[in-house]
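Chemist: Dropping in upload01.txt, with compact mmCIF, C-alpha atoms.
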```
# COMPACT_ATOMS: atom_id res chain seq x y z
CA MET A 1 219.18 -1.96 -6.23
CA ALA A 2 217.63 -4.80 -8.11
CA THR A 3 217.83 -4.53 -11.85
CA ALA A 4 214.59 -4.79 -13.75
CA VAL A 5 216.23 -6.33 -16.82
CA GLU A 6 214.62 -9.67 -17.62
CA THR A 7 216.93 -12.47 -18.64
CA LYS A 8 214.39 -14.09 -20.88
CA GLY A 9 215.05 -15.44 -24.35
CA TRP A 10 218.23 -15.27 -26.40
CA THR A 11 220.10 -12.18 -27.58
CA ARG A 12 221.31 -11.95 -31.17
CA ASP A 13 224.71 -13.27 -30.10
CA GLN A 14 223.13 -16.12 -28.18
CA MET A 15 220.99 -17.05 -31.20
CA ALA A 16 224.16 -17.16 -33.28
CA ALA A 17 225.86 -19.27 -30.60
CA ARG A 18 222.91 -21.67 -30.66
CA ALA A 19 223.20 -21.96 -34.46
CA ALA A 20 226.93 -22.65 -34.02
CA LYS A 21 226.04 -25.80 -32.06
CA GLU A 22 224.87 -27.27 -35.37
CA LEU A 23 228.38 -27.01 -36.84
CA ARG A 24 230.38 -30.21 -37.26
CA ASP A 25 234.07 -30.81 -37.84
CA GLY A 26 234.88 -30.57 -41.55
CA TYR A 27 231.76 -28.63 -42.52
CA TYR A 28 231.73 -26.15 -45.38
CA VAL A 29 229.30 -23.41 -44.37
CA ASN A 30 227.72 -20.31 -45.91
CA LEU A 31 226.56 -17.59 -43.52
CA GLY A 32 224.00 -14.95 -44.51
CA ILE A 33 224.11 -11.28 -43.57
CA GLY A 34 223.04 -10.09 -40.08
CA ILE A 35 222.76 -12.49 -37.14
CA PRO A 36 224.05 -15.44 -39.26
CA THR A 37 227.37 -13.60 -39.71
CA LEU A 38 227.83 -13.73 -35.91
CA VAL A 39 227.96 -17.54 -36.08
CA ALA A 40 231.57 -17.14 -37.27
CA ASN A 41 232.53 -15.84 -33.81
CA ASN A 42 231.14 -18.96 -32.17
CA ILE A 43 232.92 -21.79 -33.98
CA PRO A 44 233.99 -24.23 -31.24
CA GLU A 45 237.71 -24.33 -30.53
CA GLY A 46 239.49 -27.12 -32.38
CA MET A 47 236.69 -27.61 -34.87
CA GLU A 48 237.59 -27.16 -38.52
CA VAL A 49 234.83 -25.24 -40.28
CA THR A 50 235.41 -23.60 -43.67
CA LEU A 51 233.28 -20.58 -44.49
CA GLN A 52 232.21 -19.98 -48.08
CA SER A 53 231.53 -16.54 -49.48
CA GLU A 54 229.33 -16.71 -52.57
CA ASN A 55 231.25 -13.96 -54.35
CA GLY A 56 234.01 -16.53 -54.84
CA MET A 57 235.98 -17.63 -51.80
CA LEU A 58 236.41 -20.63 -49.52
CA GLY A 59 238.11 -20.00 -46.19
CA ILE A 60 236.98 -16.57 -44.98
CA GLY A 61 239.35 -15.03 -42.46
CA PRO A 62 238.56 -12.33 -39.86
CA PHE A 63 238.22 -8.63 -40.64
CA PRO A 64 241.63 -7.29 -41.68
CA PHE A 65 243.86 -5.02 -39.65
CA GLU A 66 243.63 -1.42 -40.84
CA ASP A 67 246.89 -1.66 -42.81
CA GLN A 68 245.81 -4.91 -44.52
CA VAL A 69 242.51 -3.72 -45.98
CA ASP A 70 242.30 -4.85 -49.61
CA PRO A 71 239.53 -3.66 -51.98
CA ASP A 72 239.93 -6.92 -53.95
CA LEU A 73 239.09 -8.97 -50.87
CA ILE A 74 235.49 -8.69 -49.70
CA ASN A 75 232.72 -10.98 -48.49
CA ALA A 76 229.22 -11.29 -49.93
CA GLY A 77 228.11 -8.41 -47.69
CA LYS A 78 230.78 -6.28 -49.46
CA GLN A 79 232.76 -5.92 -46.23
CA THR A 80 236.54 -6.10 -46.29
CA ILE A 81 237.87 -9.40 -44.92
CA SER A 82 241.14 -11.35 -44.80
CA GLU A 83 242.30 -14.70 -46.17
CA LEU A 84 243.60 -17.81 -44.43
CA PRO A 85 246.44 -20.16 -45.42
CA GLN A 86 243.88 -22.64 -46.83
CA THR A 87 241.82 -20.02 -48.73
CA SER A 88 240.91 -20.51 -52.39
CA TYR A 89 239.30 -18.08 -54.83
CA PHE A 90 237.06 -18.83 -57.79
CA ASP A 91 234.51 -17.19 -60.07
CA SER A 92 230.78 -16.78 -59.42
CA ALA A 93 229.72 -19.66 -61.70
CA GLN A 94 232.06 -22.04 -59.82
CA SER A 95 230.87 -20.62 -56.51
CA PHE A 96 227.25 -21.38 -57.27
CA ALA A 97 228.11 -24.73 -58.80
CA MET A 98 229.33 -25.78 -55.36
CA ILE A 99 226.22 -24.28 -53.75
CA ARG A 100 223.68 -25.66 -56.23
CA GLY A 101 225.53 -28.95 -56.52
CA GLY A 102 224.95 -29.79 -52.86
CA HIS A 103 228.59 -29.50 -51.79
CA ILE A 104 227.95 -26.99 -48.99
CA ASP A 105 226.93 -28.69 -45.75
CA LEU A 106 225.08 -25.89 -44.03
CA ALA A 107 223.73 -22.39 -44.63
CA VAL A 108 222.52 -20.08 -41.88
CA LEU A 109 220.17 -17.38 -43.18
CA GLY A 110 217.92 -14.65 -41.85
CA GLY A 111 214.17 -14.82 -42.37
CA MET A 112 211.07 -12.66 -42.49
CA GLU A 113 208.64 -15.59 -42.48
CA VAL A 114 208.87 -19.38 -42.33
CA SER A 115 205.83 -21.56 -42.97
CA GLU A 116 205.00 -24.80 -41.20
CA LYS A 117 205.87 -26.60 -44.46
CA GLY A 118 209.35 -25.12 -44.43
CA ASP A 119 208.81 -22.38 -47.01
CA LEU A 120 211.07 -19.37 -46.50
CA ALA A 121 210.37 -15.71 -47.35
CA ASN A 122 213.28 -13.34 -46.84
CA TRP A 123 213.84 -11.28 -49.97
CA MET A 124 211.05 -8.84 -50.66
CA VAL A 125 208.13 -6.98 -49.17
CA PRO A 126 205.57 -5.94 -51.82
CA GLY A 127 205.18 -2.17 -51.98
CA LYS A 128 208.65 -1.58 -50.59
CA MET A 129 211.76 -1.12 -52.67
CA ILE A 130 212.89 -4.47 -54.03
CA LYS A 131 216.61 -4.92 -53.65
CA GLY A 132 216.78 -8.43 -55.03
CA MET A 133 217.33 -11.95 -53.79
CA GLY A 134 221.11 -12.05 -54.23
CA GLY A 135 222.21 -15.64 -53.67
CA ALA A 136 219.49 -16.63 -51.18
CA MET A 137 217.34 -18.62 -53.64
CA ASP A 138 220.37 -20.59 -54.84
CA LEU A 139 221.48 -21.32 -51.27
CA VAL A 140 218.11 -22.67 -50.12
CA ALA A 141 217.80 -24.74 -53.30
CA GLY A 142 221.23 -26.33 -53.08
CA VAL A 143 222.71 -26.44 -49.58
CA LYS A 144 222.25 -29.69 -47.64
CA LYS A 145 220.90 -28.13 -44.44
CA ILE A 146 219.21 -24.74 -44.01
CA ILE A 147 218.95 -23.02 -40.64
CA VAL A 148 216.90 -19.84 -40.40
CA VAL A 149 217.74 -17.50 -37.53
CA MET A 150 215.12 -14.81 -36.88
CA GLU A 151 213.22 -12.97 -34.15
CA HIS A 152 210.20 -15.01 -33.09
CA VAL A 153 207.75 -12.18 -33.81
CA SER A 154 207.89 -9.08 -36.03
CA LYS A 155 208.30 -5.55 -34.69
CA ASN A 156 204.49 -5.35 -34.65
CA GLY A 157 204.31 -8.50 -32.58
CA ASP A 158 203.06 -10.69 -35.44
CA ALA A 159 204.10 -14.34 -35.59
CA LYS A 160 206.80 -15.10 -38.17
CA PHE A 161 206.54 -18.90 -37.99
CA ILE A 162 203.14 -19.21 -39.62
CA PRO A 163 200.89 -21.66 -41.53
CA GLU A 164 201.54 -20.13 -44.98
CA CYS A 165 203.98 -17.37 -45.94
CA THR A 166 202.27 -14.13 -46.94
CA LEU A 167 205.43 -12.64 -48.51
CA PRO A 168 206.95 -13.77 -51.83
CA LEU A 169 208.95 -16.96 -51.31
CA THR A 170 212.69 -17.44 -51.43
CA GLY A 171 212.22 -21.20 -51.54
CA LYS A 172 209.53 -23.81 -51.08
CA ASN A 173 209.93 -26.56 -48.47
CA VAL A 174 213.60 -25.75 -47.84
CA VAL A 175 214.04 -24.99 -44.10
CA ASP A 176 215.39 -27.67 -41.73
CA MET A 177 215.72 -25.71 -38.50
CA ILE A 178 214.41 -22.43 -37.09
CA ILE A 179 216.25 -20.66 -34.28
CA THR A 180 214.44 -17.67 -32.75
CA ASP A 181 215.06 -15.60 -29.64
CA LEU A 182 212.56 -17.87 -27.87
CA ALA A 183 212.98 -21.41 -29.17
CA VAL A 184 214.40 -23.93 -31.62
CA PHE A 185 212.29 -25.94 -34.07
CA HIS A 186 213.69 -28.80 -36.09
CA ARG A 187 212.51 -31.43 -38.52
CA PRO A 188 214.50 -34.49 -39.57
CA ASP A 189 213.37 -34.37 -43.22
CA HIS A 190 211.25 -32.27 -45.56
CA ASP A 191 208.15 -34.49 -45.16
CA SER A 192 207.97 -34.18 -41.38
CA PRO A 193 206.43 -31.37 -39.33
CA PHE A 194 208.64 -29.09 -37.25
CA LYS A 195 209.14 -30.09 -33.64
CA LEU A 196 209.81 -27.72 -30.76
CA VAL A 197 213.14 -29.06 -29.53
CA GLU A 198 214.48 -26.35 -27.24
CA LEU A 199 213.35 -23.32 -25.24
CA ALA A 200 215.47 -20.26 -24.54
CA PRO A 201 216.06 -19.50 -20.84
CA GLY A 202 212.93 -18.29 -19.04
CA VAL A 203 210.65 -19.07 -21.98
CA THR A 204 207.68 -21.42 -21.55
CA ARG A 205 205.99 -23.73 -24.03
CA GLU A 206 202.83 -21.69 -23.53
CA GLU A 207 204.55 -18.47 -24.54
CA VAL A 208 205.96 -20.10 -27.69
CA ALA A 209 202.51 -21.47 -28.55
CA GLU A 210 200.98 -18.04 -28.03
CA LYS A 211 203.45 -16.36 -30.40
CA THR A 212 203.38 -19.04 -33.11
CA THR A 213 200.57 -19.60 -35.59
CA ALA A 214 202.28 -22.45 -37.46
CA HIS A 215 201.41 -26.00 -36.57
CA TYR A 216 204.31 -27.83 -34.89
CA VAL A 217 204.68 -30.84 -32.64
CA GLU A 218 205.77 -30.57 -29.02
CA MET B 1 246.79 -9.75 -84.22
CA GLN B 2 247.18 -6.76 -81.94
CA LYS B 3 244.77 -6.89 -78.98
CA ILE B 4 246.18 -4.03 -76.98
CA TYR B 5 244.45 -0.67 -77.42
CA PRO B 6 245.68 2.68 -76.12
CA ASN B 7 242.58 3.43 -74.03
CA ALA B 8 238.99 2.41 -73.30
CA GLU B 9 237.48 4.66 -75.95
CA ALA B 10 239.67 3.14 -78.65
CA ALA B 11 238.99 -0.38 -77.42
CA LEU B 12 235.23 0.13 -77.66
CA ASP B 13 235.38 1.77 -81.09
CA GLY B 14 232.83 0.25 -83.44
CA LEU B 15 231.34 -2.03 -80.79
CA LEU B 16 228.65 0.16 -79.25
CA PHE B 17 225.09 0.66 -80.50
CA ASP B 18 221.77 1.69 -78.96
CA GLY B 19 219.68 -1.15 -77.51
CA MET B 20 222.64 -3.53 -77.21
CA THR B 21 223.12 -6.12 -74.48
CA ILE B 22 226.25 -5.82 -72.34
CA ALA B 23 227.52 -8.38 -69.82
CA ALA B 24 229.59 -6.66 -67.12
CA GLY B 25 231.83 -8.21 -64.48
CA GLY B 26 232.16 -7.23 -60.83
CA PHE B 27 230.51 -7.85 -57.49
CA GLY B 28 229.47 -4.66 -55.76
CA LEU B 29 232.36 -2.35 -56.60
CA CYS B 30 234.91 -5.19 -56.44
CA GLY B 31 236.40 -5.97 -59.85
CA ILE B 32 234.25 -3.60 -61.89
CA PRO B 33 235.53 -2.45 -65.30
CA GLU B 34 235.69 1.24 -64.36
CA ARG B 35 237.53 2.58 -67.40
CA LEU B 36 235.22 0.80 -69.82
CA ILE B 37 232.10 1.95 -67.95
CA ASP B 38 233.39 5.54 -68.12
CA ALA B 39 233.96 5.19 -71.85
CA ILE B 40 230.49 3.71 -72.40
CA GLN B 41 229.05 6.66 -70.50
CA ALA B 42 231.07 9.13 -72.57
CA SER B 43 229.94 7.51 -75.83
CA GLY B 44 226.31 8.37 -75.07
CA VAL B 45 225.07 4.95 -76.25
CA LYS B 46 221.60 4.33 -74.81
CA ASP B 47 218.74 1.87 -74.20
CA LEU B 48 221.28 -0.59 -72.87
CA ILE B 49 220.36 -3.98 -71.46
CA ILE B 50 223.01 -4.80 -68.89
CA ALA B 51 223.56 -8.20 -67.29
CA SER B 52 225.51 -7.53 -64.11
CA ASN B 53 225.13 -8.90 -60.61
CA ASN B 54 224.76 -5.40 -59.17
CA ALA B 55 224.00 -1.97 -60.58
CA GLY B 56 226.80 -0.06 -58.90
CA ILE B 57 226.08 2.48 -56.22
CA ASP B 58 225.20 6.15 -56.64
CA ASN B 59 227.66 7.56 -59.13
CA GLU B 60 230.06 4.62 -58.92
CA GLY B 61 230.34 1.77 -61.39
CA LEU B 62 227.19 1.16 -63.41
CA GLY B 63 225.51 3.80 -61.24
CA LYS B 64 227.14 6.30 -63.62
CA LEU B 65 225.20 4.90 -66.60
CA LEU B 66 221.99 4.99 -64.59
CA ARG B 67 222.49 8.63 -63.75
CA THR B 68 222.75 9.51 -67.43
CA LYS B 69 219.72 7.29 -68.17
CA GLN B 70 221.58 5.15 -70.68
CA VAL B 71 220.20 1.93 -69.23
CA LYS B 72 216.85 0.49 -70.27
CA LYS B 73 217.02 -2.76 -68.36
CA MET B 74 219.17 -4.45 -65.75
CA ILE B 75 219.49 -8.21 -65.33
CA SER B 76 220.74 -8.40 -61.74
CA SER B 77 220.44 -10.26 -58.45
CA TYR B 78 220.86 -7.36 -56.03
CA VAL B 79 220.48 -3.62 -56.56
CA GLY B 80 220.52 -2.13 -53.04
CA GLU B 81 222.56 0.88 -51.92
CA ASN B 82 221.58 2.89 -54.99
CA LYS B 83 219.20 5.85 -54.65
CA GLU B 84 219.12 6.79 -58.32
CA PHE B 85 218.35 3.20 -59.26
CA GLU B 86 215.50 3.19 -56.74
CA ARG B 87 214.10 6.46 -58.07
CA GLN B 88 214.13 5.32 -61.72
CA PHE B 89 212.77 1.89 -60.86
CA LEU B 90 209.88 3.27 -58.80
CA ALA B 91 209.14 5.84 -61.53
CA GLY B 92 208.92 3.01 -64.08
CA GLU B 93 211.85 4.40 -66.09
CA LEU B 94 213.99 1.33 -65.62
CA GLU B 95 213.21 -2.36 -66.06
CA VAL B 96 214.80 -4.99 -63.85
CA GLU B 97 214.90 -8.71 -64.41
CA PHE B 98 215.70 -10.00 -60.93
CA THR B 99 217.73 -13.16 -61.36
CA PRO B 100 219.08 -15.28 -58.51
CA GLN B 101 222.83 -14.76 -58.26
CA GLY B 102 223.79 -18.33 -59.10
CA THR B 103 221.29 -18.47 -61.92
CA LEU B 104 222.75 -15.26 -63.37
CA ALA B 105 226.29 -16.64 -63.16
CA GLU B 106 225.18 -19.86 -64.83
CA ARG B 107 223.15 -18.03 -67.50
CA LEU B 108 226.33 -16.17 -68.47
CA ARG B 109 228.49 -19.29 -68.27
CA ALA B 110 225.96 -21.29 -70.29
CA GLY B 111 225.55 -18.53 -72.89
CA GLY B 112 229.29 -18.42 -73.33
CA ALA B 113 229.51 -22.20 -73.54
CA GLY B 114 226.91 -22.55 -76.28
CA ILE B 115 224.21 -23.85 -73.95
CA PRO B 116 220.92 -22.03 -74.70
CA GLY B 117 219.14 -23.20 -71.56
CA PHE B 118 219.49 -25.33 -68.43
CA TYR B 119 217.29 -26.65 -65.64
CA THR B 120 217.85 -25.53 -62.07
CA LYS B 121 216.13 -26.03 -58.73
CA THR B 122 216.83 -22.41 -57.81
CA GLY B 123 213.60 -20.42 -57.72
CA VAL B 124 211.17 -23.35 -57.99
CA GLY B 125 207.86 -22.35 -56.41
CA THR B 126 208.80 -18.64 -56.31
CA GLN B 127 208.11 -15.57 -58.49
CA VAL B 128 211.28 -16.41 -60.42
CA ALA B 129 209.58 -19.53 -61.80
CA GLU B 130 206.61 -17.63 -63.24
CA GLY B 131 206.22 -18.30 -66.96
CA LYS B 132 209.10 -20.76 -67.05
CA GLU B 133 208.96 -24.41 -68.06
CA VAL B 134 209.01 -26.81 -65.10
CA LYS B 135 210.43 -30.28 -65.58
CA SER B 136 210.75 -33.13 -63.12
CA PHE B 137 214.01 -35.06 -62.78
CA GLY B 138 214.16 -37.89 -60.26
CA GLY B 139 210.92 -36.72 -58.68
CA GLU B 140 212.12 -33.15 -58.13
CA ASP B 141 211.02 -30.04 -60.00
CA TYR B 142 213.45 -27.84 -61.90
CA ILE B 143 212.86 -24.70 -63.96
CA LEU B 144 214.25 -23.85 -67.37
CA GLU B 145 216.57 -20.84 -67.40
CA ARG B 146 218.04 -19.32 -70.58
CA GLY B 147 221.68 -18.73 -71.32
CA ILE B 148 222.69 -15.12 -71.95
CA ARG B 149 224.52 -14.12 -75.12
CA ALA B 150 225.61 -10.51 -74.96
CA ASP B 151 226.74 -8.22 -77.79
CA LEU B 152 229.65 -7.11 -75.64
CA SER B 153 231.38 -8.15 -72.42
CA VAL B 154 233.29 -5.66 -70.32
CA ILE B 155 235.53 -7.05 -67.60
CA LYS B 156 238.33 -6.10 -65.24
CA GLY B 157 241.33 -8.37 -64.65
CA TRP B 158 244.54 -8.09 -62.65
CA LYS B 159 247.24 -9.07 -65.12
CA ALA B 160 247.14 -10.06 -68.76
CA ASP B 161 249.87 -11.05 -71.12
CA GLU B 162 250.10 -9.43 -74.55
CA SER B 163 248.14 -12.30 -76.11
CA GLY B 164 245.19 -11.75 -73.74
CA ASN B 165 245.71 -14.60 -71.25
CA LEU B 166 244.38 -13.16 -68.05
CA ILE B 167 244.44 -13.67 -64.31
CA PHE B 168 242.30 -12.15 -61.60
CA ARG B 169 243.14 -11.22 -58.04
CA LYS B 170 241.32 -12.56 -54.93
CA THR B 171 237.55 -11.98 -54.88
CA SER B 172 237.62 -9.62 -57.86
CA ARG B 173 237.30 -12.64 -60.17
CA ASN B 174 233.57 -13.03 -59.35
CA PHE B 175 231.36 -12.36 -62.41
CA ASN B 176 234.26 -11.23 -64.57
CA LEU B 177 234.98 -14.74 -65.74
CA PRO B 178 231.47 -15.89 -66.73
CA ALA B 179 230.68 -12.43 -68.17
CA ALA B 180 233.83 -12.55 -70.32
CA THR B 181 232.68 -15.71 -72.07
CA ALA B 182 229.09 -14.56 -72.70
CA GLY B 183 229.84 -11.71 -75.10
CA LYS B 184 230.35 -11.85 -78.86
CA VAL B 185 233.28 -9.54 -78.13
CA CYS B 186 234.99 -9.23 -74.76
CA VAL B 187 236.97 -6.12 -73.90
CA ALA B 188 239.15 -6.41 -70.80
CA GLU B 189 240.90 -3.79 -68.73
CA VAL B 190 243.74 -4.84 -66.45
CA GLU B 191 246.16 -3.39 -63.93
CA GLU B 192 249.23 -4.68 -65.69
CA ILE B 193 250.10 -6.04 -69.14
CA VAL B 194 253.09 -8.37 -69.13
CA PRO B 195 255.06 -9.96 -71.99
CA VAL B 196 253.91 -13.30 -73.37
CA GLY B 197 255.61 -16.06 -71.39
CA SER B 198 255.59 -14.29 -68.05
CA LEU B 199 252.37 -15.87 -66.76
CA ASP B 200 252.41 -19.54 -65.73
CA PRO B 201 250.25 -21.38 -68.34
CA ASP B 202 248.94 -23.62 -65.55
CA CYS B 203 247.60 -20.60 -63.69
CA ILE B 204 245.65 -18.73 -66.39
CA HIS B 205 242.09 -18.00 -65.21
CA LEU B 206 240.74 -16.71 -68.54
CA PRO B 207 242.38 -18.07 -71.70
CA SER B 208 243.23 -15.52 -74.40
CA ILE B 209 240.59 -16.81 -76.81
CA TYR B 210 237.92 -14.94 -74.85
CA VAL B 211 239.76 -11.61 -74.72
CA LYS B 212 239.43 -9.76 -78.03
CA ARG B 213 240.59 -6.32 -76.93
CA LEU B 214 242.72 -5.28 -74.00
CA ILE B 215 243.65 -2.04 -72.28
CA LEU B 216 245.89 -1.06 -69.42
CA GLY B 217 243.49 0.63 -66.99
CA ALA B 218 245.97 1.52 -64.24
CA PRO B 219 246.29 3.44 -62.03
CA TYR B 220 243.19 2.40 -60.09
CA ASP B 221 241.68 4.03 -57.07
CA LYS B 222 239.63 1.03 -55.98
CA LYS B 223 236.56 1.86 -53.97
CA ILE B 224 235.43 -0.03 -50.86
CA GLU B 225 231.73 -0.22 -49.98
CA PHE B 226 232.08 -1.30 -46.35
CA ARG B 227 235.48 -0.93 -44.72
CA THR B 228 235.47 -3.36 -41.80
CA VAL B 229 238.61 -3.83 -39.70
CA ARG B 230 239.72 -5.34 -36.40
CA GLU B 231 241.98 -3.84 -33.77
CA ARG B 232 245.41 -5.22 -33.05
CA GLU B 233 245.51 -6.55 -29.51
CA ALA B 234 247.57 -4.33 -27.23
CA ALA B 235 251.05 -5.70 -26.75
```
Could you rewrite the structure in this file as structure tokens?

Modeler:
Amino acid sequence: MATAVETKGWTRDQMAARAAKELRDGYYVNLGIGIPTLVANNIPEGMEVTLQSENGMLGIGPFPFEDQVDPDLINAGKQTISELPQTSYFDSAQSFAMIRGGHIDLAVLGGMEVSEKGDLANWMVPGKMIKGMGGAMDLVAGVKKIIVVMEHVSKNGDAKFIPECTLPLTGKNVVDMIITDLAVFHRPDHDSPFKLVELAPGVTREEVAEKTTAHYVE
Amino acid sequence: MQKIYPNAEAALDGLLFDGMTIAAGGFGLCGIPERLIDAIQASGVKDLIIASNNAGIDNEGLGKLLRTKQVKKMISSYVGENKEFERQFLAGELEVEFTPQGTLAERLRAGGAGIPGFYTKTGVGTQVAEGKEVKSFGGEDYILERGIRADLSVIKGWKADESGNLIFRKTSRNFNLPAATAGKVCVAEVEEIVPVGSLDPDCIHLPSIYVKRLILGAPYDKKIEFRTVREREAA
């Protein structure tokens, strides 16, 4: 019996794998919560990538074995993790000094909206409970390259890559690359428009155009 | 000069007053000064302004002070996972000054270092920038953020020597270090107090000058918010 499942677009894991292609040997990287966290499972073999956790750690290891769980060792998502031989710990001011100071090469974050000018909104929805921005505003302000990984459209089917953000901003003109379940957009600098550089399997340029209200170049 | 007190209540004696500002260490429930928070709750002091990255969770950490309505305002970056906080916030009973995490850490560090304000790119063009001075450096905009000077700092360390030199363990250092420096008085609780000379002077995280009062808080039953583990591969 033929299966009716369409193999169109990227799954969450595949989006994370696509983001992982942007990693380079020697990079120091901060991964946000959600799909960005999955990027850690896709670091190419033999490549040295050091993950930063903004609560004060360089060199995040995998989740611990049950008998190694340590309440003093968590990531920024407050999950228990483990350390590596090269791990270092530091305080929050030092952690954000390295973020704000431009020492982190890449951050991969989730997004609710990205504008065609590279504005990012991912921290609050007016009228809903505000939980706070955590470290997101510091990351987009200080990290050298910002990749946003998000679904191409909202649950209601609304475009999320749009001319102007409607939600309160996390940062203005900060996004370098957008990876959705349908496509990849990139811009070489913060003065250039985004360019559609890749389509997910089975996705057409027409479909991307239909589900995007932002201006971008083909 | 004796810095070691028998318990949290004794260590806070004479330091608490209504409407005071307290800087508290911890990230989530990791490295929170539990004994001192309990003693602040028991004292009944109210209208507190608390600078802390998080606000605890329901009935844990600073969540305890929220439940007893001793907090007037939180200066925090993230307050999720806290129903009572949400209820008070939505009812207008609690003020929150949302501050980006790095800006909060730097505000505490700066306050403790005698720096009343600093310019940062964090928050430029967002709600955080509203009402703040914007200044251009090298063609880029920065906003003025103010250092925080607290009446009291409460922190949790791992080990301290009898003079107050202190070290932290793994990711529990977090906000404990910048918070410690921001208060006029810092009270620290630790898991172990060791004789002077037993900590390597090259490895002190928080020099004794910042620690005015010290208690042994052990034993601790440290809470975990999200226990995530991996399976051992079958042999």

Chemist: Find the residue from A:Val29, A:Val69, A:Val125, A:Met57 that sits nearest to Tyr89 in chain A; use all atoms listed in the file when measuring.

Modeler: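 Selected residue with least distance to Tyr89 in chain A: A:Met57.
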
Chemist: I need the chain B residues near chain A as a short mmCIF file (atom, residue, chain, number, x, y, z; two decimals) with C-alpha atoms, in the coordinates of the input; criterion: at most 6 Å, counting all atoms listed in the file.

Modeler:
```
data_model
loop_
_atom_site.label_atom_id
_atom_site.label_comp_id
_atom_site.auth_asym_id
_atom_site.auth_seq_id
_atom_site.Cartn_x
_atom_site.Cartn_y
_atom_site.Cartn_z
CA CYS B 30 234.91 -5.19 -56.44
CA SER B 77 220.44 -10.26 -58.45
CA TYR B 78 220.86 -7.36 -56.03
CA VAL B 79 220.48 -3.62 -56.56
CA GLY B 80 220.52 -2.13 -53.04
CA PRO B 100 219.08 -15.28 -58.51
CA GLN B 101 222.83 -14.76 -58.26
CA GLY B 102 223.79 -18.33 -59.10
CA ALA B 105 226.29 -16.64 -63.16
CA GLU B 106 225.18 -19.86 -64.83
CA LYS B 121 216.13 -26.03 -58.73
CA THR B 122 216.83 -22.41 -57.81
CA GLY B 123 213.60 -20.42 -57.72
CA GLY B 125 207.86 -22.35 -56.41
CA THR B 126 208.80 -18.64 -56.31
CA LYS B 170 241.32 -12.56 -54.93
CA THR B 171 237.55 -11.98 -54.88
CA SER B 172 237.62 -9.62 -57.86
CA ARG B 173 237.30 -12.64 -60.17
CA ASN B 174 233.57 -13.03 -59.35
CA PHE B 175 231.36 -12.36 -62.41
CA ILE B 224 235.43 -0.03 -50.86
CA PHE B 226 232.08 -1.30 -46.35
CA ARG B 227 235.48 -0.93 -44.72
CA THR B 228 235.47 -3.36 -41.80
CA VAL B 229 238.61 -3.83 -39.70
CA ARG B 230 239.72 -5.34 -36.40
#
```

Chemist: Using all atoms listed in the file, determine which residues lie at most 12 Å from Leu66 in chain B, disregarding the query and same-chain residues fewer than 6 positions distant; provide the list as a PyMOL selection string.

Modeler: chain B and resi 37-38+40-41+44+46-50+55-60+72-74+79+82-89+93-95

Chemist: Between CA of Asn122 in chain A and CA of Leu167 in chain A, what is the distance, to one decimal in Å?

Modeler: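 Result for CA of Asn122 in chain A versus CA of Leu167 in chain A: 8.1 Å, one decimal.
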
Chemist: Which value, in Å to one decimal, gives the distance between CA of Cys203 in chain B and CA of Leu177 in chain B?

Modeler: 14.1 Å

Chemist: One number please: CA of Leu108 in chain B to CA of Ala24 in chain B, in Å, one decimal.

Modeler: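 So the answer is 10.1 Å.
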
Chemist: Find the residues around Asp25 in chain A up to 10 Å (all atoms listed in the file counted), leave out those fewer than 4 positions away in its own chain, and share them as a count of residues only.

Modeler: 7

Chemist: Pick out the residues sitting within 12 Å of Glu206 in chain A, and hand them over as a VMD selection string; count only C-alpha atoms, and ignore anything fewer than 3 positions along from it in its own chain.

Modeler: chain A and resid 182 to 183 196 199 202 to 203 209 to 212 218

Chemist: Tell me, as a list in words, which residues lie within 10 Å of Gly147 in chain B, counting only C-alpha atoms; anything in the same chain fewer than 4 positions away does not count.

Modeler: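 Here the qualifying residues turn out to be Thr103, Leu104, Ala105, Glu106, Arg107, Leu108, Arg109, Ala110, Gly111, Gly112, Ala113, Gly114, Ile115, Pro116, Gly117, Phe118 and Ala182 of chain B.
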
Chemist: Please tell me which residues are no farther than 10 Å from (212.0, -27.6, -64.1) in the file, counting only C-alpha atoms, and write them as a list in words.

Modeler: Phe118, Tyr119, Thr120, Lys121, Thr122, Gly123, Val124, Ala129, Lys132, Glu133, Val134, Lys135, Ser136, Phe137, Glu140, Asp141, Tyr142, Ile143, Leu144 and Glu145 of chain B

Chemist: Ranking B:Asp200, B:Asp151, B:Glu231, B:Glu81 by minimum distance to Leu12 in chain B and counting all atoms listed in the file, which one comes first?

Modeler: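 Counting all atoms listed in the file, the residue closest to Leu12 in chain B is B:Asp151.
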
Chemist: Skipping near chain neighbours, those fewer than 2 positions away, what residues fall within 9 Å of Ile33 in chain A using all atoms listed in the file, listed as a ChimeraX atom specification?

Modeler: /A:31,35-38,76-77,109-110

Chemist: Would you write out those residues with C-alpha atoms, as a compact mmCIF listing (two decimals), keeping the file's coordinate frame?

Modeler:
```txt
# COMPACT_ATOMS: atom_id res chain seq x y z
CA LEU A 31 226.56 -17.59 -43.52
CA ILE A 35 222.76 -12.49 -37.14
CA PRO A 36 224.05 -15.44 -39.26
CA THR A 37 227.37 -13.60 -39.71
CA LEU A 38 227.83 -13.73 -35.91
CA ALA A 76 229.22 -11.29 -49.93
CA GLY A 77 228.11 -8.41 -47.69
CA LEU A 109 220.17 -17.38 -43.18
CA GLY A 110 217.92 -14.65 -41.85
```
